[in-house]
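S.K.: Provided below: model.pdb, containing PDB, C-alpha atoms.
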```
ATOM      1  CA  MET A   1       4.380 -54.301  12.448
ATOM      2  CA  THR A   2       1.872 -57.047  11.772
ATOM      3  CA  ALA A   3       0.045 -58.056   8.624
ATOM      4  CA  SER A   4      -2.956 -60.346   8.866
ATOM      5  CA  ALA A   5      -2.304 -61.898   5.467
ATOM      6  CA  MET A   6       0.039 -61.314   2.559
ATOM      7  CA  LEU A   7       1.189 -63.147  -0.535
ATOM      8  CA  VAL A   8       4.563 -64.899  -0.567
ATOM      9  CA  MET A   9       6.921 -64.707  -3.519
ATOM     10  CA  PRO A  10      10.068 -66.855  -3.716
ATOM     11  CA  ALA A  11      13.309 -64.960  -3.041
ATOM     12  CA  GLN A  12      16.373 -66.188  -4.886
ATOM     13  CA  GLY A  13      19.379 -67.427  -2.924
ATOM     14  CA  GLU A  14      20.523 -70.114  -0.530
ATOM     15  CA  GLY A  15      19.528 -70.310   3.136
ATOM     16  CA  VAL A  16      16.627 -69.233   5.309
ATOM     17  CA  PHE A  17      15.943 -65.538   4.803
ATOM     18  CA  ALA A  18      13.495 -63.106   3.233
ATOM     19  CA  LEU A  19      13.338 -59.843   1.312
ATOM     20  CA  SER A  20      10.892 -57.058   2.098
ATOM     21  CA  SER A  21       9.846 -53.664   0.790
ATOM     22  CA  VAL A  22       8.568 -52.724   4.277
ATOM     23  CA  LEU A  23      10.834 -54.295   6.902
ATOM     24  CA  PRO A  24      14.382 -52.905   7.147
ATOM     25  CA  GLN A  25      17.419 -54.938   6.145
ATOM     26  CA  GLY A  26      18.909 -56.765   9.127
ATOM     27  CA  SER A  27      15.623 -56.986  11.039
ATOM     28  CA  HIS A  28      13.905 -60.218  12.046
ATOM     29  CA  ALA A  29      10.306 -61.361  11.705
ATOM     30  CA  GLU A  30       7.982 -64.226  12.512
ATOM     31  CA  VAL A  31       6.111 -65.683   9.547
ATOM     32  CA  THR A  32       3.042 -67.822  10.260
ATOM     33  CA  ALA A  33       1.273 -69.934   7.623
ATOM     34  CA  LEU A  34      -2.468 -69.376   8.063
ATOM     35  CA  ASP A  35      -3.339 -72.870   6.821
ATOM     36  CA  SER A  36      -1.189 -74.852   9.262
ATOM     37  CA  GLY A  37      -0.206 -72.412  12.014
ATOM     38  CA  LYS A  38       3.494 -73.231  11.524
ATOM     39  CA  THR A  39       5.678 -70.280  12.505
ATOM     40  CA  ILE A  40       9.318 -69.620  11.623
ATOM     41  CA  LEU A  41      11.885 -66.892  12.210
ATOM     42  CA  ILE A  42      13.501 -65.163   9.250
ATOM     43  CA  LEU A  43      16.186 -62.530   8.664
ATOM     44  CA  ILE A  44      15.442 -59.687   6.246
ATOM     45  CA  ARG A  45      18.447 -59.519   3.914
ATOM     46  CA  GLY A  46      17.375 -56.733   1.591
ATOM     47  CA  GLN A  47      14.755 -55.060  -0.579
ATOM     48  CA  GLY A  48      11.922 -57.180  -1.960
ATOM     49  CA  SER A  49       8.903 -56.710  -4.195
ATOM     50  CA  GLY A  50       6.294 -56.830  -1.432
ATOM     51  CA  LEU A  51       5.820 -57.177   2.301
ATOM     52  CA  ILE A  52       7.603 -60.537   2.412
ATOM     53  CA  ASP A  53       9.467 -62.569  -0.227
ATOM     54  CA  LEU A  54      10.611 -65.880   1.285
ATOM     55  CA  SER A  55      13.686 -67.737   0.109
ATOM     56  CA  ALA A  56      13.228 -71.320  -1.039
ATOM     57  CA  GLY A  57      14.802 -72.537   2.214
ATOM     58  CA  ALA A  58      12.414 -70.450   4.323
ATOM     59  CA  ALA A  59       9.411 -71.639   2.312
ATOM     60  CA  ARG A  60      10.466 -75.261   2.844
ATOM     61  CA  GLN A  61      10.854 -74.746   6.590
ATOM     62  CA  LEU A  62       7.415 -73.115   6.747
ATOM     63  CA  GLY A  63       5.955 -75.889   4.578
ATOM     64  CA  VAL A  64       4.388 -73.616   1.952
ATOM     65  CA  THR A  65       4.448 -73.384  -1.814
ATOM     66  CA  GLY A  66       3.048 -70.869  -4.271
ATOM     67  CA  ASN A  67       1.455 -67.781  -2.743
ATOM     68  CA  PRO A  68      -0.304 -68.804   0.486
ATOM     69  CA  PRO A  69      -1.667 -66.285   3.006
ATOM     70  CA  VAL A  70       0.674 -65.667   5.934
ATOM     71  CA  ARG A  71       0.971 -63.416   8.947
ATOM     72  CA  VAL A  72       4.191 -61.379   9.272
ATOM     73  CA  ARG A  73       5.299 -59.806  12.530
ATOM     74  CA  ARG A  74       8.582 -58.054  13.296
ATOM     75  CA  VAL A  75      10.209 -59.474  16.442
ATOM     76  CA  SER A  76      13.401 -59.447  18.482
ATOM     77  CA  VAL A  77      15.365 -62.710  18.581
ATOM     78  CA  THR A  78      17.897 -64.318  20.891
ATOM     79  CA  GLY A  79      21.599 -64.099  20.117
ATOM     80  CA  GLN A  80      21.679 -67.785  19.243
ATOM     81  CA  ASP A  81      18.815 -67.445  16.752
ATOM     82  CA  ALA A  82      20.383 -64.314  15.244
ATOM     83  CA  THR A  83      23.669 -66.171  14.698
ATOM     84  CA  LEU A  84      21.928 -69.076  12.956
ATOM     85  CA  LEU A  85      19.896 -66.804  10.688
ATOM     86  CA  ALA A  86      22.913 -64.643   9.812
ATOM     87  CA  ALA A  87      24.635 -67.841   8.631
ATOM     88  CA  GLY A  88      21.630 -68.719   6.457
ATOM     89  CA  GLN A  89      20.577 -71.559   8.765
ATOM     90  CA  ALA A  90      17.109 -72.229  10.140
ATOM     91  CA  ALA A  91      16.371 -71.111  13.696
ATOM     92  CA  PRO A  92      14.221 -73.433  15.852
ATOM     93  CA  MET A  93      10.557 -73.395  14.922
ATOM     94  CA  ARG A  94       8.305 -71.167  17.004
ATOM     95  CA  ALA A  95       5.236 -72.658  18.667
ATOM     96  CA  ASP A  96       2.361 -73.204  16.244
ATOM     97  CA  ALA A  97      -0.226 -70.425  16.272
ATOM     98  CA  PRO A  98      -3.460 -71.378  18.115
ATOM     99  CA  GLN A  99      -6.352 -72.453  15.888
ATOM    100  CA  ALA A 100      -8.584 -69.746  17.363
ATOM    101  CA  LEU A 101      -6.115 -67.073  16.230
ATOM    102  CA  LEU A 102      -5.762 -68.642  12.768
ATOM    103  CA  ALA A 103      -9.543 -68.739  12.363
ATOM    104  CA  GLY A 104      -9.778 -65.032  13.143
ATOM    105  CA  LEU A 105      -6.992 -64.165  10.685
ATOM    106  CA  ARG A 106      -8.601 -66.298   7.968
ATOM    107  CA  ARG A 107     -11.931 -64.545   8.513
ATOM    108  CA  ARG A 108     -10.168 -61.202   8.286
ATOM    109  CA  LEU A 109      -8.552 -62.261   5.027
ATOM    110  CA  GLY A 110     -11.883 -63.463   3.651
ATOM    111  CA  ASP A 111     -13.500 -60.103   4.363
ATOM    112  CA  THR A 112     -11.022 -58.207   2.179
ATOM    113  CA  PRO A 113     -10.195 -58.537  -1.549
ATOM    114  CA  ARG A 114      -7.235 -60.748  -2.358
ATOM    115  CA  GLU A 115      -4.241 -58.807  -3.616
ATOM    116  CA  PRO A 116      -2.729 -59.546  -7.016
ATOM    117  CA  VAL A 117       0.449 -61.620  -7.060
ATOM    118  CA  ALA A 118       3.446 -59.309  -7.029
ATOM    119  CA  THR A 119       6.092 -59.483  -9.735
ATOM    120  CA  PRO A 120       9.558 -57.882  -9.673
ATOM    121  CA  THR A 121       8.116 -54.800 -11.408
ATOM    122  CA  GLU A 122       4.992 -54.332  -9.294
ATOM    123  CA  ARG A 123       4.221 -54.139  -5.601
ATOM    124  CA  PRO A 124       1.023 -54.732  -3.607
ATOM    125  CA  THR A 125      -0.764 -51.432  -3.129
ATOM    126  CA  ARG A 126      -2.600 -52.246   0.089
ATOM    127  CA  PRO A 127      -0.656 -51.010   3.145
ATOM    128  CA  ALA A 128       0.059 -53.471   5.935
ATOM    129  CA  THR A 129      -2.296 -53.028   8.889
ATOM    130  CA  ARG A 130      -2.353 -54.352  12.424
ATOM    131  CA  PRO A 131      -5.069 -56.954  12.985
ATOM    132  CA  THR A 132      -7.878 -56.128  15.367
ATOM    133  CA  PRO A 133      -7.300 -57.928  18.700
ATOM    134  CA  ARG A 134      -9.515 -60.961  19.030
ATOM    135  CA  PRO A 135     -12.385 -60.645  21.480
ATOM    136  CA  THR A 136     -12.111 -62.456  24.785
ATOM    137  CA  GLN A 137     -15.110 -64.639  23.865
ATOM    138  CA  ALA A 138     -13.198 -66.213  20.932
ATOM    139  CA  ALA A 139     -12.037 -69.095  23.133
ATOM    140  CA  THR A 140     -13.175 -69.805  26.684
ATOM    141  CA  ARG A 141     -12.308 -73.438  27.493
ATOM    142  CA  GLY A 142      -9.351 -75.782  27.186
ATOM    143  CA  LEU A 143      -5.593 -75.583  27.756
ATOM    144  CA  PHE A 144      -4.109 -72.090  27.785
ATOM    145  CA  VAL A 145      -0.734 -70.517  28.480
ATOM    146  CA  GLN A 146      -1.138 -67.615  30.891
ATOM    147  CA  VAL A 147       1.596 -65.117  30.088
ATOM    148  CA  ALA A 148       0.837 -62.314  32.541
ATOM    149  CA  ALA A 149      -1.810 -60.771  34.798
ATOM    150  CA  LEU A 150      -1.864 -56.969  34.501
ATOM    151  CA  SER A 151      -3.816 -54.220  36.212
ATOM    152  CA  SER A 152      -3.978 -52.119  33.021
ATOM    153  CA  ALA A 153      -6.468 -53.165  30.344
ATOM    154  CA  ALA A 154      -4.583 -51.183  27.689
ATOM    155  CA  ARG A 155      -1.247 -52.871  28.505
ATOM    156  CA  ALA A 156      -2.901 -56.286  28.530
ATOM    157  CA  ARG A 157      -4.481 -55.706  25.117
ATOM    158  CA  ALA A 158      -1.174 -54.478  23.692
ATOM    159  CA  LEU A 159       0.641 -57.579  24.970
ATOM    160  CA  ALA A 160      -2.095 -59.902  23.694
ATOM    161  CA  ASP A 161      -1.932 -58.221  20.290
ATOM    162  CA  GLU A 162       1.852 -58.627  20.222
ATOM    163  CA  LEU A 163       1.717 -62.332  21.117
ATOM    164  CA  GLY A 164      -1.456 -63.253  19.245
ATOM    165  CA  GLY A 165      -3.349 -64.042  22.445
ATOM    166  CA  ILE A 166      -6.514 -63.037  24.269
ATOM    167  CA  VAL A 167      -7.325 -60.909  27.301
ATOM    168  CA  ARG A 168      -9.444 -62.504  30.036
ATOM    169  CA  PRO A 169     -10.591 -59.948  32.658
ATOM    170  CA  GLY A 170     -11.597 -60.892  36.185
ATOM    171  CA  GLY A 171     -10.981 -59.966  39.791
ATOM    172  CA  GLY A 172      -9.687 -56.523  38.892
ATOM    173  CA  VAL A 173      -6.857 -57.850  36.674
ATOM    174  CA  TYR A 174      -6.490 -58.616  32.975
ATOM    175  CA  ARG A 175      -4.920 -61.976  32.178
ATOM    176  CA  VAL A 176      -3.083 -62.359  28.880
ATOM    177  CA  GLN A 177      -3.434 -65.922  27.619
ATOM    178  CA  LEU A 178      -2.520 -67.936  24.529
ATOM    179  CA  GLY A 179      -4.616 -70.823  23.267
ATOM    180  CA  PRO A 180      -6.568 -72.979  23.480
ATOM    181  CA  TYR A 181      -4.196 -75.843  22.639
ATOM    182  CA  PRO A 182      -5.295 -79.361  21.660
ATOM    183  CA  ASN A 183      -3.013 -81.166  24.126
ATOM    184  CA  SER A 184      -0.437 -80.637  26.864
ATOM    185  CA  SER A 185       2.513 -81.075  24.483
ATOM    186  CA  ALA A 186       1.349 -78.203  22.267
ATOM    187  CA  ALA A 187       0.690 -76.051  25.322
ATOM    188  CA  GLU A 188       4.160 -76.773  26.721
ATOM    189  CA  ARG A 189       5.800 -75.799  23.415
ATOM    190  CA  ALA A 190       3.929 -72.507  23.500
ATOM    191  CA  ARG A 191       4.884 -71.912  27.156
ATOM    192  CA  ALA A 192       8.555 -72.603  26.416
ATOM    193  CA  ASP A 193       8.402 -70.282  23.420
ATOM    194  CA  VAL A 194       7.070 -67.285  25.365
ATOM    195  CA  ALA A 195       9.505 -68.045  28.195
ATOM    196  CA  ARG A 196      12.395 -67.722  25.727
ATOM    197  CA  ARG A 197      10.929 -64.383  24.670
ATOM    198  CA  GLY A 198      11.220 -62.995  28.189
ATOM    199  CA  TYR A 199       8.031 -64.175  29.921
ATOM    200  CA  GLY A 200       9.549 -66.717  32.287
ATOM    201  CA  ASP A 201       6.501 -66.712  34.607
ATOM    202  CA  ALA A 202       4.219 -68.066  31.863
ATOM    203  CA  ARG A 203       2.336 -71.176  32.981
ATOM    204  CA  ILE A 204      -0.160 -73.669  31.579
ATOM    205  CA  ILE A 205      -3.707 -73.542  32.910
ATOM    206  CA  SER A 206      -6.789 -75.618  32.177
ATOM    207  CA  ILE A 207     -10.188 -73.928  31.925
ATOM    208  CA  PRO A 208     -13.047 -76.498  31.969
TER     209      PRO A 208
END
```
Would you write out, as structure tokens, the structure that this file holds?
M.R.:
Amino acid sequence: MTASAMLVMPAQGEGVFALSSVLPQGSHAEVTALDSGKTILILIRGQGSGLIDLSAGAARQLGVTGNPPVRVRRVSVTGQDATLLAAGQAAPMRADAPQALLAGLRRRLGDTPREPVATPTERPTRPATRPTPRPTQAATRGLFVQVAALSSAARARALADELGGIVRPGGGVYRVQLGPYPNSSAAERARADVARRGYGDARIISIP
């Protein structure tokens, strides 16, 4: 489940966690701030008033205040991250979202009416929707992380949608890539992140 942008309301309590009216209790999600690209992992502890209600600790880790637009995506986490989150502690930050992806999500948000701020007695009425995968032409040059090369266009698009990447076809295969990244350090963080998520063959490539 992915939402291109939603409003954040502070959840009461200590630790890094969130409440949600959509995600089930005990599940985990990535939350990405659309202004900075910072991405954190959170544990859903219970019922909230909207798609995502961040605790004060989670909001501090994400570096947001008020009701900024964010992307929320349900994910699986490692045992180590699950243990930290269950104890109310912050899991390691995920790699920052690429600027090309953030730009597309911001445009998507700008094309739709902003939702009213939720209160404990009201909930946003717009259902969460999956964002449209970004076109391959969104970013063509720079440093990328190549996650996989697949023979199936449908599987490649599904993986790119899941990871927030692009599909670059050529030579009879469909390459799933993340980026572009501004420097090699940012690209390496992204490569290490997807490797921890099960894509150990991911590698950094440079497209001039």
S.K.: Expanded to explicit residues, what is the PyMOL selection byres ((chain A and resi 83-85) around 10) for this file, as a compact mmCIF listing (two decimals) with C-alpha atoms, in the coordinates of the input?
M.R.:
```
# COMPACT_ATOMS: atom_id res chain seq x y z
CA GLY A 15 19.53 -70.31 3.14
CA VAL A 16 16.63 -69.23 5.31
CA PHE A 17 15.94 -65.54 4.80
CA HIS A 28 13.90 -60.22 12.05
CA LEU A 41 11.88 -66.89 12.21
CA ILE A 42 13.50 -65.16 9.25
CA LEU A 43 16.19 -62.53 8.66
CA ILE A 44 15.44 -59.69 6.25
CA VAL A 77 15.36 -62.71 18.58
CA THR A 78 17.90 -64.32 20.89
CA GLY A 79 21.60 -64.10 20.12
CA GLN A 80 21.68 -67.78 19.24
CA ASP A 81 18.82 -67.44 16.75
CA ALA A 82 20.38 -64.31 15.24
CA ALA A 86 22.91 -64.64 9.81
CA ALA A 87 24.64 -67.84 8.63
CA GLY A 88 21.63 -68.72 6.46
CA GLN A 89 20.58 -71.56 8.76
CA ALA A 90 17.11 -72.23 10.14
CA ALA A 91 16.37 -71.11 13.70
CA PRO A 92 14.22 -73.43 15.85
```
S.K.: Measuring between only C-alpha atoms, which one of A:Ile40, A:Ala103, A:Leu34, A:Leu150 shows the shortest distance to Asn67 in chain A?
M.R.: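 Of A:Ile40, A:Ala103, A:Leu34, A:Leu150, the one nearest Asn67 in chain A, counting only C-alpha atoms, is A:Leu34.
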S.K.: Given the choices A:Asp193, A:Glu162, A:Asp53, A:Glu188, which gets closest to Ile205 in chain A if the distance is worked out from only C-alpha atoms?
M.R.: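 With only C-alpha atoms as the atom set, the closest residue is A:Glu188.
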S.K.: For the provided coordinates, the residues matched by the PyMOL selection byres ((chain A and resi 52) around 6) should be stated as a PyMOL selection string.
M.R.: chain A and resi 19-20+50-51+53
S.K.: So how far away is CA of Gln146 in chain A from CA of Gly172 in chain A, in Å?
M.R.: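 Distance between the two atoms: 16.1 Å.
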S.K.: When distances are computed from only C-alpha atoms, which of A:Asp201, A:Pro182, A:Ile207, A:Ala100 shows the smallest separation from Gly165 in chain A?
M.R.: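 Closest to Gly165 in chain A of all the choices is A:Ala100.
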S.K.: Restricting the calculation to all atoms listed in the file, which member of A:Arg203, A:Arg168, A:Arg141, A:Arg197 is positioned closest to Tyr181 in chain A?
M.R.: A:Arg141
S.K.: Report, in Å to a single decimal, how far apart CA of Ala187 in chain A and CA of Ala148 in chain A are.
M.R.: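 Straight-line distance from CA of Ala148 in chain A to CA of Ala187 in chain A works out to 15.5 Å.
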S.K.: Please compute the CA of Ser49 in chain A-CA of Ala95 in chain A distance, one decimal, in Å.
M.R.: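 It comes out at 28.1 Å.
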S.K.: Show me, as AutoDock Vina command-line options, the centre and edge lengths in Å to one decimal of the axis-aligned box that covers every listed atom of range 161-167 of chain A with 3 Å on each side.
M.R.:
```
--center_x -2.7 --center_y -61.1 --center_z 23.3 --size_x 15.2 --size_y 11.8 --size_z 14.1
```
S.K.: Of the candidates A:Arg175, A:Arg60, A:Arg45, A:Arg94, which one gets nearest to Ala192 in chain A if we count all atoms listed in the file?
M.R.: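 Going through A:Arg175, A:Arg60, A:Arg45, A:Arg94 one by one, the smallest distance to Ala192 in chain A is for A:Arg94.
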S.K.: When you count only C-alpha atoms, which of these residues is closest to Arg74 in chain A: A:Gly179, A:Pro24, A:Gly171, A:Gly198?
M.R.: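 Under the stated criterion, the closest residue is A:Pro24.
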S.K.: Any chance you could resolve the PyMOL selection byres ((chain A and resi 64) around 12) against this file and give the residues as a PyMOL selection string?
M.R.: chain A and resi 7-10+31-40+54-63+65-70
S.K.: Could you please give me, as an mmCIF file with C-alpha atoms, in the coordinates of the input, the residues of protein, DNA or RNA lying at most 6 Å from (1.6, -66.8, 28.5) in the coordinate frame of the file, considering all atoms listed in the file?
M.R.:
```cif
data_model
loop_
_atom_site.group_PDB
_atom_site.id
_atom_site.type_symbol
_atom_site.label_atom_id
_atom_site.label_comp_id
_atom_site.auth_asym_id
_atom_site.auth_seq_id
_atom_site.Cartn_x
_atom_site.Cartn_y
_atom_site.Cartn_z
ATOM 1 C CA VAL A 145 -0.734 -70.517 28.480
ATOM 2 C CA GLN A 146 -1.138 -67.615 30.891
ATOM 3 C CA VAL A 147 1.596 -65.117 30.088
ATOM 4 C CA GLN A 177 -3.434 -65.922 27.619
ATOM 5 C CA LEU A 178 -2.520 -67.936 24.529
ATOM 6 C CA ALA A 202 4.219 -68.066 31.863
#
```
